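Containing compact mmCIF, C-alpha atoms and all ligand atoms: entry-v7.txt.
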```txt
# COMPACT_ATOMS: atom_id res chain seq x y z
CA MET Q 236 47.76 -26.14 -42.56
CA ILE Q 237 47.45 -22.39 -43.04
CA GLU Q 238 45.61 -22.98 -46.30
CA LYS Q 239 43.17 -25.19 -44.47
CA ILE Q 240 42.45 -22.50 -41.89
CA LYS Q 241 42.00 -19.91 -44.63
CA ALA Q 242 39.51 -22.20 -46.31
CA HIS Q 243 37.58 -22.33 -43.02
CA ILE Q 244 37.56 -18.55 -42.91
CA GLU Q 245 35.99 -18.46 -46.36
CA ASP Q 246 33.39 -20.99 -45.22
CA VAL Q 247 32.58 -18.89 -42.17
CA LYS Q 248 32.16 -15.77 -44.26
CA ALA Q 249 29.80 -17.56 -46.62
CA PHE Q 250 27.71 -19.10 -43.81
CA SER Q 251 24.16 -18.03 -43.32
CA THR Q 252 21.10 -19.29 -41.44
CA SER Q 253 17.81 -17.98 -40.07
CA LYS Q 254 17.53 -20.58 -37.35
CA LEU Q 255 18.89 -20.00 -33.89
CA GLU Q 256 19.69 -23.71 -33.35
CA GLU Q 257 21.74 -23.88 -36.54
CA LEU Q 258 23.61 -20.78 -35.53
CA GLU Q 259 24.47 -22.29 -32.15
CA ALA Q 260 25.69 -25.48 -33.84
CA PHE Q 261 27.83 -23.39 -36.18
CA LYS Q 262 29.45 -21.60 -33.28
CA ASN Q 263 30.08 -24.81 -31.38
CA LYS Q 264 31.62 -26.46 -34.42
CA PHE Q 265 34.41 -23.88 -34.28
CA LEU Q 266 34.59 -22.60 -30.74
CA SER Q 267 33.48 -25.47 -28.49
CA LYS Q 268 36.07 -25.92 -25.74
CA LYS Q 269 35.97 -29.71 -26.05
CA SER Q 270 35.43 -30.47 -29.71
CA GLY Q 271 35.79 -27.22 -31.64
CA ILE Q 272 37.93 -26.97 -34.78
CA LEU Q 273 39.84 -24.07 -33.32
CA ASN Q 274 40.89 -26.18 -30.42
CA ASP Q 275 42.58 -28.63 -32.74
CA PHE Q 276 44.51 -25.83 -34.40
CA PHE Q 277 45.59 -24.41 -31.06
CA LYS Q 278 46.90 -27.84 -30.09
CA GLU Q 279 48.83 -27.88 -33.35
CA PHE Q 280 50.52 -24.60 -32.41
CA LYS Q 281 53.33 -26.18 -30.46
CA ASN Q 282 54.42 -28.25 -33.46
CA VAL Q 283 54.78 -25.23 -35.72
CA PRO Q 284 58.42 -24.14 -36.25
CA VAL Q 285 59.35 -20.88 -34.50
CA GLU Q 286 59.57 -18.78 -37.67
CA GLY Q 287 56.04 -19.82 -38.67
CA LYS Q 288 54.39 -19.29 -35.28
CA LYS Q 289 53.54 -15.63 -35.83
CA GLU Q 290 51.70 -16.12 -39.08
CA PHE Q 291 49.98 -19.26 -37.79
CA GLY Q 292 48.78 -17.43 -34.69
CA GLN Q 293 47.39 -14.59 -36.74
CA VAL Q 294 45.45 -16.87 -39.03
CA ILE Q 295 43.90 -18.80 -36.15
CA ASN Q 296 42.89 -15.50 -34.56
CA ASN Q 297 41.36 -14.36 -37.83
CA LEU Q 298 39.31 -17.52 -37.91
CA LYS Q 299 38.20 -17.07 -34.31
CA ASN Q 300 37.24 -13.43 -34.92
CA SER Q 301 35.34 -14.18 -38.07
CA VAL Q 302 33.30 -16.89 -36.30
CA GLU Q 303 32.46 -14.51 -33.46
CA GLU Q 304 31.55 -11.69 -35.83
CA LYS Q 305 29.38 -13.94 -37.94
CA PHE Q 306 27.66 -15.30 -34.86
CA ALA Q 307 26.87 -11.83 -33.50
CA GLU Q 308 25.67 -10.56 -36.86
CA LEU Q 309 23.32 -13.47 -37.53
CA LYS Q 310 22.04 -13.56 -33.97
CA GLU Q 311 20.99 -9.93 -34.16
CA LYS Q 312 19.26 -10.54 -37.49
CA ILE Q 313 17.34 -13.57 -36.23
CA GLU Q 314 16.24 -11.82 -33.07
CA ALA Q 315 15.09 -8.74 -34.97
CA GLN Q 316 13.06 -10.98 -37.23
CA ASN Q 317 11.46 -12.78 -34.30
CA GLU Q 318 10.53 -9.49 -32.70
CA LYS Q 319 8.97 -8.28 -35.89
CA LYS Q 320 6.87 -11.40 -36.06
CA VAL Q 321 5.48 -10.82 -32.56
CA GLU Q 322 4.77 -7.21 -33.38
CA LEU Q 323 2.76 -8.18 -36.39
CA ASP Q 324 0.76 -10.98 -34.83
CA LEU Q 325 -2.48 -9.14 -34.30
CA SER Q 326 -4.25 -12.28 -33.16
CA LEU Q 327 -2.26 -12.50 -29.90
CA PRO Q 328 -4.31 -11.69 -26.80
CA GLY Q 329 -3.62 -8.23 -25.37
CA GLU Q 330 -1.65 -7.76 -22.18
CA ASN Q 331 -3.57 -7.07 -18.99
CA ILE Q 332 -2.80 -3.57 -17.84
CA ASN Q 333 -3.56 -2.96 -14.20
CA LEU Q 334 -4.79 0.61 -14.09
CA GLY Q 335 -5.61 0.94 -10.41
CA SER Q 336 -8.57 3.00 -9.32
CA GLN Q 337 -9.58 5.99 -7.28
CA HIS Q 338 -10.19 5.70 -3.55
CA PRO Q 339 -13.92 5.53 -2.68
CA ILE Q 340 -13.58 8.70 -0.58
CA THR Q 341 -12.18 10.54 -3.60
CA VAL Q 342 -14.93 9.28 -5.89
CA VAL Q 343 -17.77 10.10 -3.53
CA ARG Q 344 -16.33 13.51 -2.61
CA ARG Q 345 -16.27 14.36 -6.32
CA GLU Q 346 -19.82 13.12 -6.77
CA MET Q 347 -21.04 15.24 -3.84
CA LEU Q 348 -19.21 18.38 -4.98
CA ASP Q 349 -20.60 17.95 -8.50
CA ILE Q 350 -24.13 18.01 -7.10
CA PHE Q 351 -23.53 21.29 -5.29
CA GLU Q 352 -21.55 22.84 -8.15
CA LYS Q 353 -24.54 22.25 -10.43
CA ILE Q 354 -26.57 24.73 -8.37
CA GLY Q 355 -23.90 27.39 -8.17
CA PHE Q 356 -21.70 26.43 -5.21
CA VAL Q 357 -17.99 27.04 -5.73
CA THR Q 358 -15.52 24.55 -4.28
CA ILE Q 359 -12.78 26.15 -2.19
CA ASP Q 360 -9.89 24.95 -0.03
CA SER Q 361 -8.93 25.77 3.55
CA PRO Q 362 -6.05 24.88 5.89
CA GLU Q 363 -5.84 21.58 7.78
CA ILE Q 364 -3.70 23.16 10.47
CA ASP Q 365 -5.29 26.28 11.85
CA ASP Q 366 -5.40 28.50 14.92
CA ASP Q 367 -7.89 28.54 17.75
CA PHE Q 368 -9.60 31.65 16.37
CA HIS Q 369 -10.59 30.07 13.04
CA ASN Q 370 -11.40 26.61 14.36
CA PHE Q 371 -13.26 27.69 17.54
CA THR Q 372 -13.45 31.31 18.69
CA ALA Q 373 -14.79 32.95 15.53
CA LEU Q 374 -17.30 30.10 15.27
CA ASN Q 375 -18.78 31.19 18.59
CA PHE Q 376 -17.38 28.36 20.72
CA PRO Q 377 -17.38 29.57 24.34
CA PRO Q 378 -13.95 29.42 26.02
CA GLU Q 379 -14.94 26.48 28.23
CA HIS Q 380 -16.47 24.41 25.40
CA PRO Q 381 -15.46 20.73 25.77
CA ALA Q 382 -14.31 20.46 22.12
CA ARG Q 383 -11.38 22.68 23.07
CA ASP Q 384 -10.21 20.07 25.51
CA MET Q 385 -7.06 17.98 24.92
CA GLN Q 386 -9.37 14.96 24.97
CA ASP Q 387 -11.01 16.00 21.73
CA THR Q 388 -8.53 18.11 19.80
CA PHE Q 389 -5.01 17.53 18.53
CA PHE Q 390 -2.74 20.46 19.27
CA VAL Q 391 0.35 20.94 17.16
CA GLU Q 392 3.49 20.73 19.31
CA LYS Q 393 1.35 21.20 22.43
CA ASN Q 394 0.67 24.81 21.45
CA PRO Q 395 -2.92 25.54 22.52
CA ASP Q 396 -3.25 28.02 19.68
CA VAL Q 397 -2.36 25.64 16.82
CA VAL Q 398 -4.75 22.78 16.10
CA LEU Q 399 -5.38 20.11 13.51
CA ARG Q 400 -8.80 21.37 12.52
CA THR Q 401 -11.62 19.45 14.15
CA HIS Q 402 -14.04 20.28 11.33
CA THR Q 403 -14.11 22.01 7.95
CA SER Q 404 -16.10 24.86 9.55
CA ASN Q 405 -12.80 26.76 9.93
CA GLY Q 406 -13.09 27.19 6.14
CA GLN Q 407 -16.23 29.30 6.66
CA ILE Q 408 -14.25 31.83 8.69
CA ARG Q 409 -11.24 31.76 6.38
CA PHE Q 410 -13.47 32.45 3.39
CA MET Q 411 -15.71 35.09 4.96
CA GLU Q 412 -12.73 37.10 6.23
CA ASN Q 413 -11.75 37.80 2.64
CA HIS Q 414 -15.01 37.88 0.70
CA LYS Q 415 -18.11 40.04 0.64
CA PRO Q 416 -21.55 38.40 0.30
CA PRO Q 417 -23.28 37.07 -1.66
CA PHE Q 418 -21.37 33.79 -1.91
CA LYS Q 419 -22.09 30.09 -2.03
CA VAL Q 420 -19.19 27.76 -1.28
CA VAL Q 421 -18.48 24.12 -0.50
CA ILE Q 422 -15.31 23.24 1.40
CA PRO Q 423 -14.07 19.62 1.32
CA GLY Q 424 -11.19 18.48 3.47
CA ARG Q 425 -9.55 16.28 6.09
CA THR Q 426 -10.44 16.74 9.73
CA TYR Q 427 -8.95 15.35 12.95
CA ARG Q 428 -10.24 14.44 16.38
CA ASN Q 429 -8.51 12.83 19.30
CA GLU Q 430 -10.71 9.74 19.35
CA ASP Q 431 -10.02 6.07 19.82
CA ILE Q 432 -10.11 4.12 16.59
CA SER Q 433 -13.09 1.81 16.31
CA ALA Q 434 -15.46 0.51 13.64
CA ARG Q 435 -17.43 3.76 13.85
CA SER Q 436 -14.82 6.45 14.55
CA HIS Q 437 -11.31 7.37 13.52
CA PHE Q 438 -8.91 10.16 14.45
CA MET Q 439 -8.89 11.32 10.85
CA PHE Q 440 -11.85 11.64 8.52
CA HIS Q 441 -13.24 13.85 5.76
CA GLN Q 442 -15.98 16.43 5.68
CA ILE Q 443 -17.73 18.70 3.24
CA GLU Q 444 -18.87 22.05 4.54
CA GLY Q 445 -21.42 24.29 2.81
CA LEU Q 446 -21.99 28.00 3.28
CA TYR Q 447 -24.39 30.44 1.64
CA VAL Q 448 -24.65 34.07 2.68
CA ASP Q 449 -26.83 36.70 0.99
CA GLU Q 450 -29.68 39.06 1.79
CA ASN Q 451 -32.85 37.29 2.92
CA VAL Q 452 -31.51 33.74 3.09
CA SER Q 453 -33.97 31.67 5.09
CA PHE Q 454 -34.34 28.19 6.53
CA ILE Q 455 -36.49 27.29 3.50
CA ASP Q 456 -33.46 27.82 1.25
CA LEU Q 457 -31.46 25.50 3.47
CA LYS Q 458 -34.13 22.82 3.43
CA GLN Q 459 -34.65 22.92 -0.33
CA THR Q 460 -30.93 22.79 -1.06
CA LEU Q 461 -30.38 19.80 1.20
CA LEU Q 462 -33.48 18.02 -0.12
CA TYR Q 463 -32.15 18.49 -3.65
CA PHE Q 464 -28.78 17.09 -2.56
CA ALA Q 465 -30.38 14.05 -0.88
CA LYS Q 466 -32.46 13.19 -3.95
CA GLU Q 467 -29.54 13.63 -6.34
CA PHE Q 468 -27.18 11.58 -4.21
CA PHE Q 469 -29.37 8.85 -2.72
CA GLY Q 470 -32.09 8.66 -5.40
CA PRO Q 471 -35.31 10.54 -6.32
CA LYS Q 472 -37.50 8.70 -3.80
CA THR Q 473 -35.41 9.85 -0.85
CA LYS Q 474 -37.20 11.85 1.85
CA VAL Q 475 -35.57 14.06 4.46
CA ARG Q 476 -36.46 15.19 7.96
CA PHE Q 477 -34.93 17.83 10.21
CA ARG Q 478 -34.43 17.43 13.94
CA PRO Q 479 -33.58 20.39 16.20
CA SER Q 480 -29.98 20.32 17.37
CA TYR Q 481 -27.26 22.56 18.72
CA PHE Q 482 -24.05 23.92 17.19
CA PRO Q 483 -22.36 27.06 18.55
CA PHE Q 484 -22.09 28.61 15.09
CA THR Q 485 -25.69 28.17 13.89
CA GLU Q 486 -29.01 29.35 15.31
CA PRO Q 487 -31.36 27.60 14.89
CA SER Q 488 -29.50 24.34 14.25
CA ALA Q 489 -30.77 21.06 12.86
CA GLU Q 490 -29.57 17.61 12.00
CA MET Q 491 -30.90 16.10 8.83
CA ASP Q 492 -31.91 12.47 8.32
CA VAL Q 493 -32.59 10.75 5.00
CA THR Q 494 -34.74 7.69 4.45
CA CYS Q 495 -32.46 4.67 4.67
CA SER Q 496 -30.95 4.02 1.25
CA ILE Q 497 -30.40 0.33 2.04
CA CYS Q 498 -33.99 -0.64 2.97
CA GLY Q 499 -35.83 2.38 1.53
CA GLY Q 500 -37.29 3.22 4.94
CA GLU Q 501 -38.64 -0.25 5.80
CA GLY Q 502 -36.13 -0.77 8.59
CA CYS Q 503 -32.88 -2.78 8.52
CA ASN Q 504 -29.74 -3.21 10.58
CA VAL Q 505 -27.98 -0.27 8.89
CA CYS Q 506 -30.69 2.20 10.03
CA LYS Q 507 -31.20 0.23 13.27
CA TYR Q 508 -34.78 -0.47 12.19
CA THR Q 509 -35.78 3.22 12.29
CA GLY Q 510 -35.92 3.72 8.51
CA TRP Q 511 -33.85 6.91 8.88
CA LEU Q 512 -30.14 7.78 8.71
CA GLU Q 513 -28.56 10.93 10.06
CA ILE Q 514 -26.24 12.44 7.45
CA LEU Q 515 -25.44 16.04 8.41
CA GLY Q 516 -25.56 19.01 10.74
CA SER Q 517 -26.84 22.37 9.56
CA GLY Q 518 -28.44 25.64 10.53
CA MET Q 519 -28.69 29.37 10.00
CA VAL Q 520 -25.32 31.06 10.48
CA ASP Q 521 -25.32 32.65 13.95
CA PRO Q 522 -25.27 36.48 13.66
CA ASN Q 523 -22.29 36.49 16.05
CA VAL Q 524 -20.27 34.52 13.49
CA LEU Q 525 -21.08 37.02 10.74
CA GLU Q 526 -20.08 39.91 13.02
CA ASN Q 527 -16.83 38.12 13.96
CA VAL Q 528 -15.74 38.31 10.32
CA GLY Q 529 -17.05 41.83 9.71
CA ILE Q 530 -20.26 40.97 7.83
CA ASP Q 531 -23.32 43.07 8.74
CA SER Q 532 -25.74 40.60 10.32
CA LYS Q 533 -28.64 43.05 10.00
CA LYS Q 534 -28.28 43.08 6.24
CA TYR Q 535 -27.13 39.54 5.58
CA SER Q 536 -28.14 36.09 6.68
CA GLY Q 537 -26.89 32.67 5.69
CA TYR Q 538 -27.09 28.96 6.14
CA ALA Q 539 -24.36 26.38 6.69
CA PHE Q 540 -24.09 22.63 6.74
CA GLY Q 541 -21.43 20.00 7.30
CA MET Q 542 -21.25 16.28 6.63
CA GLY Q 543 -18.79 13.43 7.01
CA ILE Q 544 -17.79 11.75 3.75
CA GLU Q 545 -16.84 8.40 5.32
CA ARG Q 546 -20.23 8.16 6.96
CA ILE Q 547 -21.99 8.84 3.67
CA VAL Q 548 -19.92 6.24 1.78
CA MET Q 549 -20.63 3.74 4.57
CA LEU Q 550 -24.36 4.39 4.36
CA LYS Q 551 -24.51 4.30 0.59
CA TYR Q 552 -22.42 1.16 0.10
CA GLY Q 553 -23.07 -0.69 3.34
CA VAL Q 554 -19.43 -0.44 4.55
CA LYS Q 555 -19.48 -1.66 8.15
CA ASP Q 556 -16.10 -0.45 9.45
CA ILE Q 557 -14.50 2.99 8.96
CA ARG Q 558 -11.01 1.47 9.31
CA TYR Q 559 -11.28 -0.13 5.86
CA PHE Q 560 -10.86 3.31 4.30
CA PHE Q 561 -7.36 3.75 5.67
CA GLU Q 562 -5.85 0.26 5.41
CA ASN Q 563 -5.13 0.23 1.68
CA ASP Q 564 -6.33 -3.33 1.38
CA MET Q 565 -6.81 -4.14 -2.30
CA ARG Q 566 -9.64 -6.55 -1.48
CA PHE Q 567 -11.62 -3.59 -0.15
CA LEU Q 568 -10.51 -0.90 -2.60
CA SER Q 569 -10.99 -2.97 -5.76
CA GLN Q 570 -14.71 -3.27 -5.00
CA PHE Q 571 -15.04 0.42 -5.91
CA GLU Q 572 -13.15 0.17 -9.20
CA ASN Q 573 -16.20 0.72 -11.34
CA LEU Q 574 -17.74 3.64 -9.50
N1 LIG V 601 -18.86 21.23 12.20
C1 LIG V 601 -19.88 20.29 12.61
C2 LIG V 601 -19.22 19.00 13.04
O1 LIG V 601 -18.11 18.75 12.67
C3 LIG V 601 -20.82 19.98 11.47
C4 LIG V 601 -21.67 21.16 11.10
C5 LIG V 601 -22.88 21.33 11.72
C6 LIG V 601 -21.26 22.07 10.16
C7 LIG V 601 -23.68 22.40 11.42
C8 LIG V 601 -22.05 23.16 9.83
C9 LIG V 601 -23.28 23.30 10.48
O2 LIG V 601 -21.71 24.07 8.93
O3 LIG V 601 -24.06 24.35 10.16
O4 LIG V 601 -19.80 18.23 13.74
```
Represent the structure from my file as structure tokens, please.
Ligand code: DAH
Amino acid sequence: MIEKIKAHIEDVKAFSTSKLEELEAFKNKFLSKKSGILNDFFKEFKNVPVEGKKEFGQVINNLKNSVEEKFAELKEKIEAQNEKKVELDLSLPGENINLGSQHPITVVRREMLDIFEKIGFVTIDSPEIDDDFHNFTALNFPPEHPARDMQDTFFVEKNPDVVLRTHTSNGQIRFMENHKPPFKVVIPGRTYRNEDISARSHFMFHQIEGLYVDENVSFIDLKQTLLYFAKEFFGPKTKVRFRPSYFPFTEPSAEMDVTCSICGGEGCNVCKYTGWLEILGSGMVDPNVLENVGIDSKKYSGYAFGMGIERIVMLKYGVKDIRYFFENDMRFLSQFENL
């Protein structure tokens, strides 16, 4: 009997295959609970005389171990070979890698900043949480101005001196406090207003602010810069027009319209059949603002402008509802993948 088992061990050691099915069959032949060879030997165990039991047990165990070892060794080999085959099959189609994409606000902000950077503006940062002085007072807002009301502004922890900035214009003050003219900066950032959410307004949005201060800066400089921006961004045929307006921090102030980029000025539902779209506020920096930050308003003058990024994306791509920007819906976002 022992000789028979030893012969099996030799067979096991000599066994080889490159097929997984054959390997499984080999294992089952010895180890199957119902019909395996080992099972038969185990059954035999009780008939073996006591003095032979030890040796018999050892030999059966040897057989069992050698089957398991062989199985593991061949399995590893076969699997390694299969893997290699896949690796080398250059004709297999590639895997789809989902790269994701940038948010349309991010893409358009970059595009807008690039246009200004090309003509010498430097992009700078400024705080989203600021004090009353930088968001309002230094910008020449009178104490009773309605924007300072709880209705319009978010105050941090109900402290009337700490606000979520209502515009990026606070960046003008922050920058001018620490720099001497001449300078030309653009300031992108998030802004907050206590407004109900609707298709046209949101409590959070993005702006880009521009500021240029030097000797002899005039309204012509402002107009030419913004005309250049409009043509670069909306296309070379774009025209602009300025309408008088009011902002506490600029004098004179103007809002700028561009010819509708959807209908080219013919009139459509995006421009409400006027052919024009309002895209920004602007003006000559009020001398009071320059004095508030210690810049001599007799020597220096400047212009400033500010525009909402959401609004510009909506106008350029015909997005009808501002809420889409903040819902993270892939059906919306994936439309901007190739920008
Ligand atoms: N801060 C204004 C707003 O949020 C936009 C603005 C208008 C900015 C005129 C300016 C400017 O710099 O000159 O409505």
Check which residues fall inside 8 Å of ligand LIG 601 (chain V) when counting only C-alpha atoms and all ligand atoms, and print them as a PDB file with C-alpha atoms, keeping the file's coordinate frame.
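Heads up, here's the output in out.pdb:
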```pdb
ATOM      1  CA  THR Q 401     -11.620  19.450  14.150  1.00  0.00           C
ATOM      2  CA  HIS Q 402     -14.040  20.280  11.330  1.00  0.00           C
ATOM      3  CA  THR Q 403     -14.110  22.010   7.950  1.00  0.00           C
ATOM      4  CA  SER Q 404     -16.100  24.860   9.550  1.00  0.00           C
ATOM      5  CA  GLN Q 407     -16.230  29.300   6.660  1.00  0.00           C
ATOM      6  CA  GLN Q 442     -15.980  16.430   5.680  1.00  0.00           C
ATOM      7  CA  GLU Q 444     -18.870  22.050   4.540  1.00  0.00           C
ATOM      8  CA  GLY Q 445     -21.420  24.290   2.810  1.00  0.00           C
ATOM      9  CA  LEU Q 446     -21.990  28.000   3.280  1.00  0.00           C
ATOM     10  CA  PHE Q 482     -24.050  23.920  17.190  1.00  0.00           C
ATOM     11  CA  PHE Q 484     -22.090  28.610  15.090  1.00  0.00           C
ATOM     12  CA  THR Q 485     -25.690  28.170  13.890  1.00  0.00           C
ATOM     13  CA  SER Q 488     -29.500  24.340  14.250  1.00  0.00           C
ATOM     14  CA  ALA Q 489     -30.770  21.060  12.860  1.00  0.00           C
ATOM     15  CA  GLU Q 490     -29.570  17.610  12.000  1.00  0.00           C
ATOM     16  CA  LEU Q 515     -25.440  16.040   8.410  1.00  0.00           C
ATOM     17  CA  GLY Q 516     -25.560  19.010  10.740  1.00  0.00           C
ATOM     18  CA  SER Q 517     -26.840  22.370   9.560  1.00  0.00           C
ATOM     19  CA  GLY Q 518     -28.440  25.640  10.530  1.00  0.00           C
ATOM     20  CA  MET Q 519     -28.690  29.370  10.000  1.00  0.00           C
ATOM     21  CA  VAL Q 520     -25.320  31.060  10.480  1.00  0.00           C
ATOM     22  CA  TYR Q 538     -27.090  28.960   6.140  1.00  0.00           C
ATOM     23  CA  ALA Q 539     -24.360  26.380   6.690  1.00  0.00           C
ATOM     24  CA  PHE Q 540     -24.090  22.630   6.740  1.00  0.00           C
ATOM     25  CA  GLY Q 541     -21.430  20.000   7.300  1.00  0.00           C
ATOM     26  CA  MET Q 542     -21.250  16.280   6.630  1.00  0.00           C
ATOM     27  CA  GLY Q 543     -18.790  13.430   7.010  1.00  0.00           C
TER      28      GLY Q 543
END
```
Q:Glu363 surroundings by only C-alpha atoms, 7 Å radius, close-in-sequence under 2 positions cut, as a PyMOL selection string: chain Q and resi 361+365+399-400+425-426
Exercise: Q:Glu412 partners within 9 Å, only C-alpha atoms, chain neighbours under 4 positions left out, as a list in words: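 Once the nearby chain positions are removed, what remains is Gln407, Ile408, Asn527, Val528, Gly529 and Ile530 of chain Q.
Taking atom CA of Q:Arg344 and atom CA of Q:Ile422 as endpoints, the distance between them is 10.6 Å.
Counting all atoms listed in the file, the residue from Q:Lys254, Q:Arg566, Q:Arg478, Q:Arg383 that sits nearest to Q:Ile313 is Q:Lys254.
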For Q:Ile432: contacts at 12 Å, only C-alpha atoms, fewer than 3 positions along chain excluded, given as a PyMOL selection string: chain Q and resi 427-429+435-440+556-559+561
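With atom CA of Q:Leu512 on one side and atom CA of Q:Ser433 on the other, the separation reads 19.6 Å.
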From the structure block, carefully write stretch 368-381 of chain Q out with N, CA, C and O atoms; format it as a PDB file, in the first residue's frame.
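The result, written out as selection.pdb:
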```
ATOM      1  N   PHE Q 368     -14.875  98.367   5.771  1.00  0.00           N
ATOM      2  CA  PHE Q 368     -14.031  99.397   5.162  1.00  0.00           C
ATOM      3  C   PHE Q 368     -13.658  99.027   3.720  1.00  0.00           C
ATOM      4  O   PHE Q 368     -13.811  99.842   2.811  1.00  0.00           O
ATOM      5  N   HIS Q 369     -13.165  97.794   3.526  1.00  0.00           N
ATOM      6  CA  HIS Q 369     -12.686  97.425   2.190  1.00  0.00           C
ATOM      7  C   HIS Q 369     -13.807  97.126   1.205  1.00  0.00           C
ATOM      8  O   HIS Q 369     -13.653  97.328   0.007  1.00  0.00           O
ATOM      9  N   ASN Q 370     -14.925  96.618   1.718  1.00  0.00           N
ATOM     10  CA  ASN Q 370     -16.020  96.267   0.810  1.00  0.00           C
ATOM     11  C   ASN Q 370     -16.909  97.478   0.489  1.00  0.00           C
ATOM     12  O   ASN Q 370     -17.492  97.550  -0.590  1.00  0.00           O
ATOM     13  N   PHE Q 371     -17.015  98.418   1.449  1.00  0.00           N
ATOM     14  CA  PHE Q 371     -17.937  99.554   1.265  1.00  0.00           C
ATOM     15  C   PHE Q 371     -17.289 100.922   1.477  1.00  0.00           C
ATOM     16  O   PHE Q 371     -17.228 101.736   0.561  1.00  0.00           O
ATOM     17  N   THR Q 372     -16.840 101.187   2.707  1.00  0.00           N
ATOM     18  CA  THR Q 372     -16.478 102.565   3.080  1.00  0.00           C
ATOM     19  C   THR Q 372     -15.403 103.168   2.176  1.00  0.00           C
ATOM     20  O   THR Q 372     -15.577 104.261   1.640  1.00  0.00           O
ATOM     21  N   ALA Q 373     -14.306 102.433   1.989  1.00  0.00           N
ATOM     22  CA  ALA Q 373     -13.217 102.982   1.176  1.00  0.00           C
ATOM     23  C   ALA Q 373     -13.633 103.139  -0.284  1.00  0.00           C
ATOM     24  O   ALA Q 373     -13.042 103.903  -1.032  1.00  0.00           O
ATOM     25  N   LEU Q 374     -14.691 102.398  -0.671  1.00  0.00           N
ATOM     26  CA  LEU Q 374     -15.184 102.503  -2.049  1.00  0.00           C
ATOM     27  C   LEU Q 374     -16.246 103.598  -2.175  1.00  0.00           C
ATOM     28  O   LEU Q 374     -16.997 103.637  -3.152  1.00  0.00           O
ATOM     29  N   ASN Q 375     -16.318 104.448  -1.128  1.00  0.00           N
ATOM     30  CA  ASN Q 375     -17.158 105.636  -1.229  1.00  0.00           C
ATOM     31  C   ASN Q 375     -18.657 105.351  -1.094  1.00  0.00           C
ATOM     32  O   ASN Q 375     -19.480 106.118  -1.571  1.00  0.00           O
ATOM     33  N   PHE Q 376     -18.989 104.209  -0.477  1.00  0.00           N
ATOM     34  CA  PHE Q 376     -20.412 103.933  -0.227  1.00  0.00           C
ATOM     35  C   PHE Q 376     -20.848 104.802   0.949  1.00  0.00           C
ATOM     36  O   PHE Q 376     -20.246 104.712   2.023  1.00  0.00           O
ATOM     37  N   PRO Q 377     -21.883 105.629   0.791  1.00  0.00           N
ATOM     38  CA  PRO Q 377     -22.348 106.398   1.952  1.00  0.00           C
ATOM     39  C   PRO Q 377     -22.908 105.467   3.031  1.00  0.00           C
ATOM     40  O   PRO Q 377     -23.353 104.352   2.707  1.00  0.00           O
ATOM     41  N   PRO Q 378     -22.880 105.909   4.287  1.00  0.00           N
ATOM     42  CA  PRO Q 378     -23.278 105.018   5.397  1.00  0.00           C
ATOM     43  C   PRO Q 378     -24.689 104.448   5.238  1.00  0.00           C
ATOM     44  O   PRO Q 378     -24.954 103.326   5.650  1.00  0.00           O
ATOM     45  N   GLU Q 379     -25.575 105.196   4.588  1.00  0.00           N
ATOM     46  CA  GLU Q 379     -26.960 104.719   4.504  1.00  0.00           C
ATOM     47  C   GLU Q 379     -27.239 103.972   3.188  1.00  0.00           C
ATOM     48  O   GLU Q 379     -28.380 103.677   2.863  1.00  0.00           O
ATOM     49  N   HIS Q 380     -26.168 103.640   2.447  1.00  0.00           N
ATOM     50  CA  HIS Q 380     -26.380 102.978   1.148  1.00  0.00           C
ATOM     51  C   HIS Q 380     -27.100 101.632   1.320  1.00  0.00           C
ATOM     52  O   HIS Q 380     -26.752 100.850   2.211  1.00  0.00           O
ATOM     53  N   PRO Q 381     -28.103 101.361   0.484  1.00  0.00           N
ATOM     54  CA  PRO Q 381     -28.909 100.136   0.678  1.00  0.00           C
ATOM     55  C   PRO Q 381     -28.110  98.836   0.582  1.00  0.00           C
ATOM     56  O   PRO Q 381     -28.497  97.828   1.185  1.00  0.00           O
TER      57      PRO Q 381
END
```
